[in-house]
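Shown next: final-v6.cif, given as mmCIF, N, CA and C atoms.
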data_coords
#
loop_
_atom_site.label_atom_id
_atom_site.label_comp_id
_atom_site.auth_asym_id
_atom_site.auth_seq_id
_atom_site.Cartn_x
_atom_site.Cartn_y
_atom_site.Cartn_z
N MET A 26 0.84 -1.19 0.00
CA MET A 26 0.00 0.00 0.00
C MET A 26 0.88 1.25 0.00
N GLU A 27 0.43 2.26 -0.72
CA GLU A 27 1.19 3.49 -0.83
C GLU A 27 1.15 4.26 0.48
N GLU A 28 2.27 4.94 0.75
CA GLU A 28 2.37 5.77 1.93
C GLU A 28 1.47 6.99 1.76
N LYS A 29 0.81 7.37 2.84
CA LYS A 29 -0.10 8.51 2.79
C LYS A 29 0.69 9.81 2.63
N ILE A 30 0.20 10.70 1.77
CA ILE A 30 0.84 12.00 1.56
C ILE A 30 0.42 12.92 2.70
N GLU A 31 1.39 13.68 3.21
CA GLU A 31 1.08 14.63 4.27
C GLU A 31 0.08 15.66 3.77
N ARG A 32 -0.77 16.10 4.67
CA ARG A 32 -1.87 16.99 4.31
C ARG A 32 -1.39 18.28 3.65
N HIS A 33 -0.34 18.89 4.18
CA HIS A 33 0.12 20.17 3.63
C HIS A 33 0.67 19.99 2.21
N ILE A 34 1.25 18.84 1.92
CA ILE A 34 1.74 18.57 0.56
C ILE A 34 0.55 18.39 -0.38
N ASN A 35 -0.44 17.66 0.07
CA ASN A 35 -1.65 17.46 -0.72
C ASN A 35 -2.31 18.80 -1.04
N GLN A 36 -2.43 19.66 -0.04
CA GLN A 36 -3.04 20.97 -0.23
C GLN A 36 -2.21 21.84 -1.18
N TYR A 37 -0.89 21.77 -1.05
CA TYR A 37 -0.01 22.54 -1.93
C TYR A 37 -0.18 22.11 -3.38
N VAL A 38 -0.16 20.79 -3.62
CA VAL A 38 -0.30 20.28 -4.99
C VAL A 38 -1.65 20.69 -5.57
N GLU A 39 -2.71 20.56 -4.79
CA GLU A 39 -4.03 20.95 -5.27
C GLU A 39 -4.08 22.45 -5.58
N ALA A 40 -3.44 23.27 -4.77
CA ALA A 40 -3.42 24.72 -5.02
C ALA A 40 -2.67 25.02 -6.32
N GLU A 41 -1.55 24.34 -6.54
CA GLU A 41 -0.78 24.55 -7.77
C GLU A 41 -1.58 24.10 -9.00
N LEU A 42 -2.33 23.03 -8.86
CA LEU A 42 -3.18 22.58 -9.97
C LEU A 42 -4.26 23.61 -10.27
N ARG A 43 -4.85 24.19 -9.23
CA ARG A 43 -5.86 25.23 -9.44
C ARG A 43 -5.26 26.48 -10.07
N ASN A 44 -3.99 26.75 -9.79
CA ASN A 44 -3.32 27.94 -10.32
C ASN A 44 -2.72 27.72 -11.71
N TYR A 45 -2.77 26.53 -12.23
CA TYR A 45 -2.11 26.17 -13.49
C TYR A 45 -2.48 27.13 -14.64
N ARG A 46 -3.76 27.34 -14.86
CA ARG A 46 -4.18 28.21 -15.97
C ARG A 46 -3.72 29.65 -15.75
N THR A 47 -3.79 30.12 -14.50
CA THR A 47 -3.34 31.47 -14.18
C THR A 47 -1.84 31.60 -14.44
N TYR A 48 -1.07 30.59 -14.02
CA TYR A 48 0.38 30.61 -14.25
C TYR A 48 0.69 30.68 -15.74
N LYS A 49 -0.02 29.88 -16.53
CA LYS A 49 0.24 29.89 -17.98
C LYS A 49 -0.02 31.28 -18.56
N LYS A 50 -1.11 31.91 -18.12
CA LYS A 50 -1.45 33.23 -18.61
C LYS A 50 -0.41 34.26 -18.18
N LEU A 51 0.02 34.22 -16.92
CA LEU A 51 1.03 35.16 -16.43
C LEU A 51 2.36 34.98 -17.14
N ILE A 52 2.75 33.75 -17.40
CA ILE A 52 4.00 33.48 -18.12
C ILE A 52 3.93 34.06 -19.52
N GLU A 53 2.80 33.83 -20.18
CA GLU A 53 2.62 34.36 -21.53
C GLU A 53 2.67 35.89 -21.53
N GLU A 54 1.99 36.51 -20.59
CA GLU A 54 2.00 37.97 -20.50
C GLU A 54 3.39 38.49 -20.18
N TYR A 55 4.09 37.81 -19.28
CA TYR A 55 5.44 38.23 -18.92
C TYR A 55 6.37 38.13 -20.12
N ASP A 56 6.29 37.03 -20.86
CA ASP A 56 7.14 36.85 -22.03
C ASP A 56 6.86 37.92 -23.08
N LYS A 57 5.58 38.26 -23.29
CA LYS A 57 5.24 39.32 -24.24
C LYS A 57 5.79 40.65 -23.77
N GLU A 58 5.60 40.96 -22.49
CA GLU A 58 6.07 42.22 -21.95
C GLU A 58 7.59 42.29 -22.00
N LEU A 59 8.25 41.19 -21.71
CA LEU A 59 9.70 41.13 -21.78
C LEU A 59 10.19 41.39 -23.19
N LEU A 60 9.50 40.82 -24.15
CA LEU A 60 9.85 40.99 -25.55
C LEU A 60 9.70 42.44 -25.99
N TYR A 61 8.60 43.08 -25.57
CA TYR A 61 8.30 44.42 -26.06
C TYR A 61 8.86 45.56 -25.23
N THR A 62 9.12 45.33 -23.95
CA THR A 62 9.57 46.44 -23.12
C THR A 62 10.94 46.23 -22.53
N GLY A 63 11.62 45.17 -22.90
CA GLY A 63 12.98 44.97 -22.42
C GLY A 63 13.08 44.69 -20.95
N ALA A 64 12.36 43.68 -20.50
CA ALA A 64 12.45 43.16 -19.13
C ALA A 64 11.69 43.96 -18.08
N LYS A 65 10.86 44.90 -18.47
CA LYS A 65 10.06 45.61 -17.47
C LYS A 65 8.75 44.85 -17.31
N SER A 66 8.42 44.55 -16.08
CA SER A 66 7.19 43.82 -15.83
C SER A 66 6.47 44.40 -14.64
N GLY A 67 5.16 44.28 -14.63
CA GLY A 67 4.36 44.79 -13.53
C GLY A 67 4.08 43.75 -12.46
N LEU A 68 4.70 42.55 -12.56
CA LEU A 68 4.39 41.51 -11.60
C LEU A 68 4.78 41.87 -10.17
N GLY A 69 5.86 42.63 -10.00
CA GLY A 69 6.33 42.89 -8.66
C GLY A 69 6.32 44.34 -8.25
N LYS A 70 5.69 45.20 -9.01
CA LYS A 70 5.73 46.63 -8.70
C LYS A 70 4.85 46.96 -7.50
N ASP A 71 5.34 47.90 -6.72
CA ASP A 71 4.61 48.38 -5.56
C ASP A 71 3.46 49.27 -6.06
N PRO A 72 2.21 48.90 -5.78
CA PRO A 72 1.08 49.66 -6.30
C PRO A 72 1.00 51.09 -5.76
N THR A 73 1.61 51.36 -4.60
CA THR A 73 1.55 52.70 -4.03
C THR A 73 2.59 53.62 -4.66
N GLY A 74 3.68 53.03 -5.18
CA GLY A 74 4.73 53.83 -5.77
C GLY A 74 5.59 54.55 -4.74
N ARG A 75 5.40 54.23 -3.45
CA ARG A 75 6.16 54.89 -2.38
C ARG A 75 7.40 54.07 -2.03
N PHE A 76 8.35 54.74 -1.42
CA PHE A 76 9.56 54.09 -0.95
C PHE A 76 9.41 53.74 0.52
N SER A 77 10.14 52.73 0.96
CA SER A 77 10.15 52.40 2.38
C SER A 77 10.83 53.53 3.14
N GLN A 78 10.48 53.68 4.38
CA GLN A 78 11.09 54.73 5.19
C GLN A 78 12.57 54.45 5.40
N ASN A 79 13.35 55.52 5.51
CA ASN A 79 14.78 55.45 5.80
C ASN A 79 15.60 54.75 4.73
N GLN A 80 15.16 54.77 3.49
CA GLN A 80 15.94 54.20 2.41
C GLN A 80 16.21 55.27 1.37
N ILE A 81 17.40 55.20 0.79
CA ILE A 81 17.77 56.13 -0.25
C ILE A 81 17.19 55.63 -1.56
N SER A 82 16.65 56.55 -2.35
CA SER A 82 16.04 56.18 -3.61
C SER A 82 17.12 55.92 -4.66
N ASP A 83 17.05 54.74 -5.27
CA ASP A 83 17.96 54.38 -6.36
C ASP A 83 17.13 53.68 -7.42
N PRO A 84 16.61 54.42 -8.40
CA PRO A 84 15.71 53.84 -9.39
C PRO A 84 16.31 52.67 -10.16
N THR A 85 17.60 52.72 -10.46
CA THR A 85 18.23 51.63 -11.20
C THR A 85 18.25 50.37 -10.34
N HIS A 86 18.65 50.52 -9.09
CA HIS A 86 18.66 49.38 -8.18
C HIS A 86 17.26 48.80 -8.00
N ASP A 87 16.29 49.68 -7.82
CA ASP A 87 14.91 49.23 -7.64
C ASP A 87 14.42 48.45 -8.86
N GLU A 88 14.74 48.94 -10.05
CA GLU A 88 14.30 48.26 -11.28
C GLU A 88 14.98 46.90 -11.42
N VAL A 89 16.27 46.84 -11.11
CA VAL A 89 17.00 45.56 -11.17
C VAL A 89 16.42 44.58 -10.16
N ALA A 90 16.13 45.06 -8.97
CA ALA A 90 15.54 44.20 -7.94
C ALA A 90 14.18 43.67 -8.39
N ARG A 91 13.38 44.53 -9.02
CA ARG A 91 12.07 44.10 -9.53
C ARG A 91 12.24 43.04 -10.62
N ILE A 92 13.19 43.28 -11.52
CA ILE A 92 13.41 42.34 -12.62
C ILE A 92 13.85 40.98 -12.08
N ILE A 93 14.76 40.99 -11.12
CA ILE A 93 15.24 39.73 -10.54
C ILE A 93 14.10 39.01 -9.83
N ALA A 94 13.31 39.75 -9.04
CA ALA A 94 12.17 39.13 -8.34
C ALA A 94 11.17 38.55 -9.33
N ASN A 95 10.90 39.30 -10.41
CA ASN A 95 9.96 38.81 -11.42
C ASN A 95 10.51 37.56 -12.11
N GLU A 96 11.80 37.57 -12.43
CA GLU A 96 12.41 36.41 -13.08
C GLU A 96 12.30 35.18 -12.19
N GLN A 97 12.51 35.36 -10.89
CA GLN A 97 12.41 34.23 -9.96
C GLN A 97 10.98 33.70 -9.89
N ARG A 98 10.01 34.61 -9.83
CA ARG A 98 8.60 34.19 -9.79
C ARG A 98 8.22 33.45 -11.06
N VAL A 99 8.59 34.02 -12.19
CA VAL A 99 8.23 33.42 -13.47
C VAL A 99 8.95 32.08 -13.65
N SER A 100 10.19 32.00 -13.22
CA SER A 100 10.94 30.75 -13.31
C SER A 100 10.25 29.66 -12.49
N ARG A 101 9.79 30.00 -11.29
CA ARG A 101 9.08 29.05 -10.45
C ARG A 101 7.76 28.62 -11.10
N MET A 102 7.04 29.60 -11.67
CA MET A 102 5.78 29.28 -12.36
C MET A 102 6.04 28.35 -13.54
N LYS A 103 7.10 28.62 -14.30
CA LYS A 103 7.43 27.78 -15.45
C LYS A 103 7.76 26.36 -15.01
N ASP A 104 8.45 26.24 -13.89
CA ASP A 104 8.78 24.91 -13.35
C ASP A 104 7.52 24.15 -12.97
N VAL A 105 6.61 24.83 -12.29
CA VAL A 105 5.34 24.19 -11.88
C VAL A 105 4.53 23.78 -13.11
N VAL A 106 4.42 24.67 -14.09
CA VAL A 106 3.66 24.37 -15.32
C VAL A 106 4.27 23.18 -16.03
N LYS A 107 5.59 23.13 -16.11
CA LYS A 107 6.27 22.00 -16.77
C LYS A 107 5.98 20.69 -16.04
N CYS A 108 6.04 20.72 -14.72
CA CYS A 108 5.75 19.53 -13.92
C CYS A 108 4.31 19.05 -14.18
N ILE A 109 3.38 19.97 -14.16
CA ILE A 109 1.97 19.61 -14.37
C ILE A 109 1.78 19.03 -15.77
N GLU A 110 2.36 19.67 -16.77
CA GLU A 110 2.20 19.19 -18.15
C GLU A 110 2.86 17.82 -18.35
N ASP A 111 4.00 17.59 -17.69
CA ASP A 111 4.66 16.28 -17.78
C ASP A 111 3.76 15.18 -17.22
N VAL A 112 3.16 15.43 -16.07
CA VAL A 112 2.29 14.42 -15.46
C VAL A 112 1.02 14.24 -16.28
N LEU A 113 0.45 15.33 -16.79
CA LEU A 113 -0.77 15.22 -17.59
C LEU A 113 -0.56 14.33 -18.81
N GLU A 114 0.64 14.36 -19.39
CA GLU A 114 0.95 13.51 -20.54
C GLU A 114 0.96 12.03 -20.16
N GLU A 115 1.31 11.73 -18.91
CA GLU A 115 1.40 10.34 -18.45
C GLU A 115 0.06 9.77 -18.01
N LEU A 116 -0.90 10.62 -17.69
CA LEU A 116 -2.18 10.16 -17.16
C LEU A 116 -3.05 9.54 -18.25
N SER A 117 -3.93 8.65 -17.81
CA SER A 117 -4.90 8.08 -18.74
C SER A 117 -5.93 9.15 -19.09
N GLU A 118 -6.75 8.85 -20.08
CA GLU A 118 -7.78 9.81 -20.50
C GLU A 118 -8.75 10.12 -19.36
N GLU A 119 -9.15 9.08 -18.62
CA GLU A 119 -10.09 9.27 -17.51
C GLU A 119 -9.44 10.09 -16.39
N GLU A 120 -8.17 9.82 -16.10
CA GLU A 120 -7.48 10.58 -15.05
C GLU A 120 -7.31 12.04 -15.46
N THR A 121 -6.99 12.28 -16.73
CA THR A 121 -6.84 13.65 -17.22
C THR A 121 -8.16 14.39 -17.11
N LYS A 122 -9.25 13.72 -17.46
CA LYS A 122 -10.57 14.34 -17.37
C LYS A 122 -10.90 14.68 -15.91
N LEU A 123 -10.54 13.80 -14.99
CA LEU A 123 -10.77 14.03 -13.58
C LEU A 123 -10.00 15.29 -13.13
N VAL A 124 -8.74 15.40 -13.52
CA VAL A 124 -7.93 16.57 -13.16
C VAL A 124 -8.54 17.84 -13.74
N GLU A 125 -8.91 17.80 -15.01
CA GLU A 125 -9.50 18.98 -15.64
C GLU A 125 -10.78 19.40 -14.94
N MET A 126 -11.63 18.44 -14.63
CA MET A 126 -12.91 18.78 -14.00
C MET A 126 -12.71 19.30 -12.57
N LYS A 127 -11.80 18.69 -11.84
CA LYS A 127 -11.60 19.04 -10.43
C LYS A 127 -10.84 20.35 -10.27
N TYR A 128 -9.79 20.55 -11.06
CA TYR A 128 -8.88 21.67 -10.81
C TYR A 128 -8.90 22.77 -11.86
N PHE A 129 -9.22 22.45 -13.10
CA PHE A 129 -9.18 23.46 -14.16
C PHE A 129 -10.55 24.07 -14.43
N LYS A 130 -11.61 23.29 -14.24
CA LYS A 130 -12.98 23.78 -14.40
C LYS A 130 -13.62 23.72 -13.01
N SER A 131 -13.54 24.77 -12.29
CA SER A 131 -13.93 24.76 -10.88
C SER A 131 -15.43 24.72 -10.64
N CYS A 132 -16.21 24.45 -11.67
CA CYS A 132 -17.66 24.42 -11.49
C CYS A 132 -18.16 23.05 -11.03
N TYR A 133 -17.26 22.06 -10.90
CA TYR A 133 -17.66 20.71 -10.52
C TYR A 133 -17.36 20.45 -9.05
N THR A 134 -18.29 19.77 -8.38
CA THR A 134 -18.05 19.26 -7.04
C THR A 134 -17.54 17.84 -7.17
N ASP A 135 -17.07 17.26 -6.07
CA ASP A 135 -16.61 15.87 -6.11
C ASP A 135 -17.73 14.95 -6.61
N PHE A 136 -18.92 15.16 -6.09
CA PHE A 136 -20.03 14.30 -6.50
C PHE A 136 -20.47 14.56 -7.93
N GLY A 137 -20.31 15.79 -8.40
CA GLY A 137 -20.59 16.09 -9.79
C GLY A 137 -19.63 15.36 -10.72
N ILE A 138 -18.36 15.29 -10.33
CA ILE A 138 -17.35 14.58 -11.11
C ILE A 138 -17.64 13.09 -11.11
N ILE A 139 -17.97 12.55 -9.94
CA ILE A 139 -18.30 11.12 -9.83
C ILE A 139 -19.46 10.79 -10.76
N SER A 140 -20.47 11.64 -10.74
CA SER A 140 -21.65 11.42 -11.58
C SER A 140 -21.30 11.53 -13.06
N GLU A 141 -20.53 12.54 -13.42
CA GLU A 141 -20.18 12.79 -14.82
C GLU A 141 -19.30 11.67 -15.39
N LEU A 142 -18.37 11.18 -14.56
CA LEU A 142 -17.45 10.14 -15.03
C LEU A 142 -18.03 8.72 -14.86
N HIS A 143 -19.17 8.63 -14.20
CA HIS A 143 -19.82 7.33 -13.97
C HIS A 143 -18.88 6.36 -13.26
N ILE A 144 -18.31 6.85 -12.15
CA ILE A 144 -17.44 5.99 -11.34
C ILE A 144 -17.93 6.03 -9.90
N GLY A 145 -17.48 5.08 -9.11
CA GLY A 145 -17.87 5.03 -7.71
C GLY A 145 -17.06 6.01 -6.88
N GLN A 146 -17.59 6.29 -5.71
CA GLN A 146 -16.95 7.24 -4.80
C GLN A 146 -15.57 6.73 -4.36
N THR A 147 -15.46 5.46 -4.07
CA THR A 147 -14.18 4.88 -3.64
C THR A 147 -13.14 4.98 -4.74
N LYS A 148 -13.54 4.66 -5.97
CA LYS A 148 -12.62 4.76 -7.11
C LYS A 148 -12.19 6.20 -7.32
N TYR A 149 -13.12 7.14 -7.23
CA TYR A 149 -12.80 8.56 -7.43
C TYR A 149 -11.73 9.02 -6.44
N TYR A 150 -11.97 8.78 -5.15
CA TYR A 150 -11.03 9.26 -4.14
C TYR A 150 -9.69 8.52 -4.23
N GLY A 151 -9.71 7.25 -4.59
CA GLY A 151 -8.47 6.51 -4.79
C GLY A 151 -7.68 7.05 -5.98
N ASP A 152 -8.38 7.28 -7.09
CA ASP A 152 -7.72 7.85 -8.28
C ASP A 152 -7.16 9.24 -7.97
N LYS A 153 -7.95 10.04 -7.30
CA LYS A 153 -7.52 11.40 -6.96
C LYS A 153 -6.26 11.36 -6.10
N ARG A 154 -6.22 10.46 -5.12
CA ARG A 154 -5.06 10.32 -4.24
C ARG A 154 -3.82 9.89 -5.04
N ARG A 155 -3.99 8.93 -5.96
CA ARG A 155 -2.86 8.47 -6.78
C ARG A 155 -2.38 9.56 -7.74
N ILE A 156 -3.31 10.32 -8.28
CA ILE A 156 -2.95 11.41 -9.19
C ILE A 156 -2.17 12.50 -8.44
N ILE A 157 -2.64 12.88 -7.26
CA ILE A 157 -1.94 13.89 -6.45
C ILE A 157 -0.53 13.39 -6.13
N ARG A 158 -0.39 12.11 -5.83
CA ARG A 158 0.93 11.53 -5.55
C ARG A 158 1.85 11.68 -6.77
N LYS A 159 1.33 11.45 -7.97
CA LYS A 159 2.15 11.59 -9.19
C LYS A 159 2.63 13.03 -9.35
N PHE A 160 1.73 13.98 -9.12
CA PHE A 160 2.13 15.38 -9.22
C PHE A 160 3.15 15.74 -8.14
N ALA A 161 2.94 15.27 -6.91
CA ALA A 161 3.87 15.56 -5.81
C ALA A 161 5.25 14.98 -6.09
N LEU A 162 5.30 13.78 -6.64
CA LEU A 162 6.59 13.17 -7.00
C LEU A 162 7.29 13.99 -8.07
N ARG A 163 6.56 14.39 -9.09
CA ARG A 163 7.15 15.16 -10.18
C ARG A 163 7.61 16.54 -9.72
N MET A 164 6.90 17.10 -8.74
CA MET A 164 7.27 18.42 -8.21
C MET A 164 8.37 18.29 -7.15
N ARG A 165 8.86 17.08 -6.93
CA ARG A 165 9.93 16.79 -5.98
C ARG A 165 9.53 17.17 -4.54
N LEU A 166 8.29 16.89 -4.18
CA LEU A 166 7.80 17.20 -2.84
C LEU A 166 7.86 15.97 -1.93
N ILE A 167 7.87 14.79 -2.54
CA ILE A 167 7.98 13.54 -1.77
C ILE A 167 9.00 12.63 -2.43
#

Same coordinates, now as structure tokens:
Amino acid sequence: MEEKIERHINQYVEAELRNYRTYKKLIEEYDKELLYTGAKSGLGKDPTGRFSQNQISDPTHDEVARIIANEQRVSRMKDVVKCIEDVLEELSEEETKLVEMKYFKSCYTDFGIISELHIGQTKYYGDKRRIIRKFALRMRLI
């Protein structure tokens, strides 16, 4: 029998699956903005435009820091997207449909998915647990 995944890992993987479409969109927008504006991105900009107290203003340093922070965020998003896409390629058609319904199309409940896929509750939760394990392994979490 497979070892049970810790709850926080399970929750993290599920959150990343829910964020998958958003990550893809942000990566695409970042790449477009990088292409057209030469590495300026709004992902990390302070919405107030104010400086922290007791700091000297250095616009070049601030811009470099923003670019580095954005690159790190986007790099992490790209890694997560790649992991998800790798696992999706390995899943069966039924497993892929389960992932899409549960995490990409948030209009389905667990029982709605069970009904739509015409599977039993035990099979659904077992499949879901095995699928989460595959994603966690690929994301190097377990």

### Message
With distances taken over only N, CA and C atoms, which residue among A:Ile109, A:Leu51, A:His86, A:Met126 lies nearest A:Ile138?
### Response
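Closest candidate: A:Met126.
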
### Task
Might you pull out every residue within 12 Å of A:Glu120, with only C-alpha atoms counted and same-chain residues fewer than 6 positions away left off, and present them as an MDAnalysis selection string?
chainID A and resid 112:114 126:128 138 142 144 148:157 159

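Counting only C-alpha atoms, the residue from A:Glu28, A:Asn35, A:Lys50, A:Asn44 that sits nearest to A:Lys130 is A:Asn44.
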
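What separates atom CA of A:Lys103 from atom CA of A:Lys29 is a distance of 27.6 Å.
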
### Message
Report, in Å with one decimal, the straight-line distance from atom C of A:Arg32 to atom C of A:His143.
### Response
27.1 Å

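Of note, atom CA of A:Thr121 and atom C of A:Glu96 are spaced 29.2 Å apart.
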
### Task
Return as a ChimeraX atom specification the full set of residues in chain A whose backbone-based DSSP assignment is alpha helix (DSSP H).
/A:32-62,84-115,118-124,135-142,146-163

### Query
Using all atoms listed in the file, what residues lie at most 6.5 Å away from (-4.3, 20.4, -12.0) (file coordinates), given as a PyMOL selection string?
chain A and resi 41-43+45+124-125+128-129

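Using only C-alpha atoms, the smallest distance between any of A:Gln36, A:Glu88, A:Ser140, A:Val99 and A:Asp56 comes from A:Val99.
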
### Task
I need the residue set behind the PyMOL selection byres ((chain A and resi 163) around 8) for this file; please write it as a PyMOL selection string.
chain A and resi 107-109+111-112+157-162+164-167
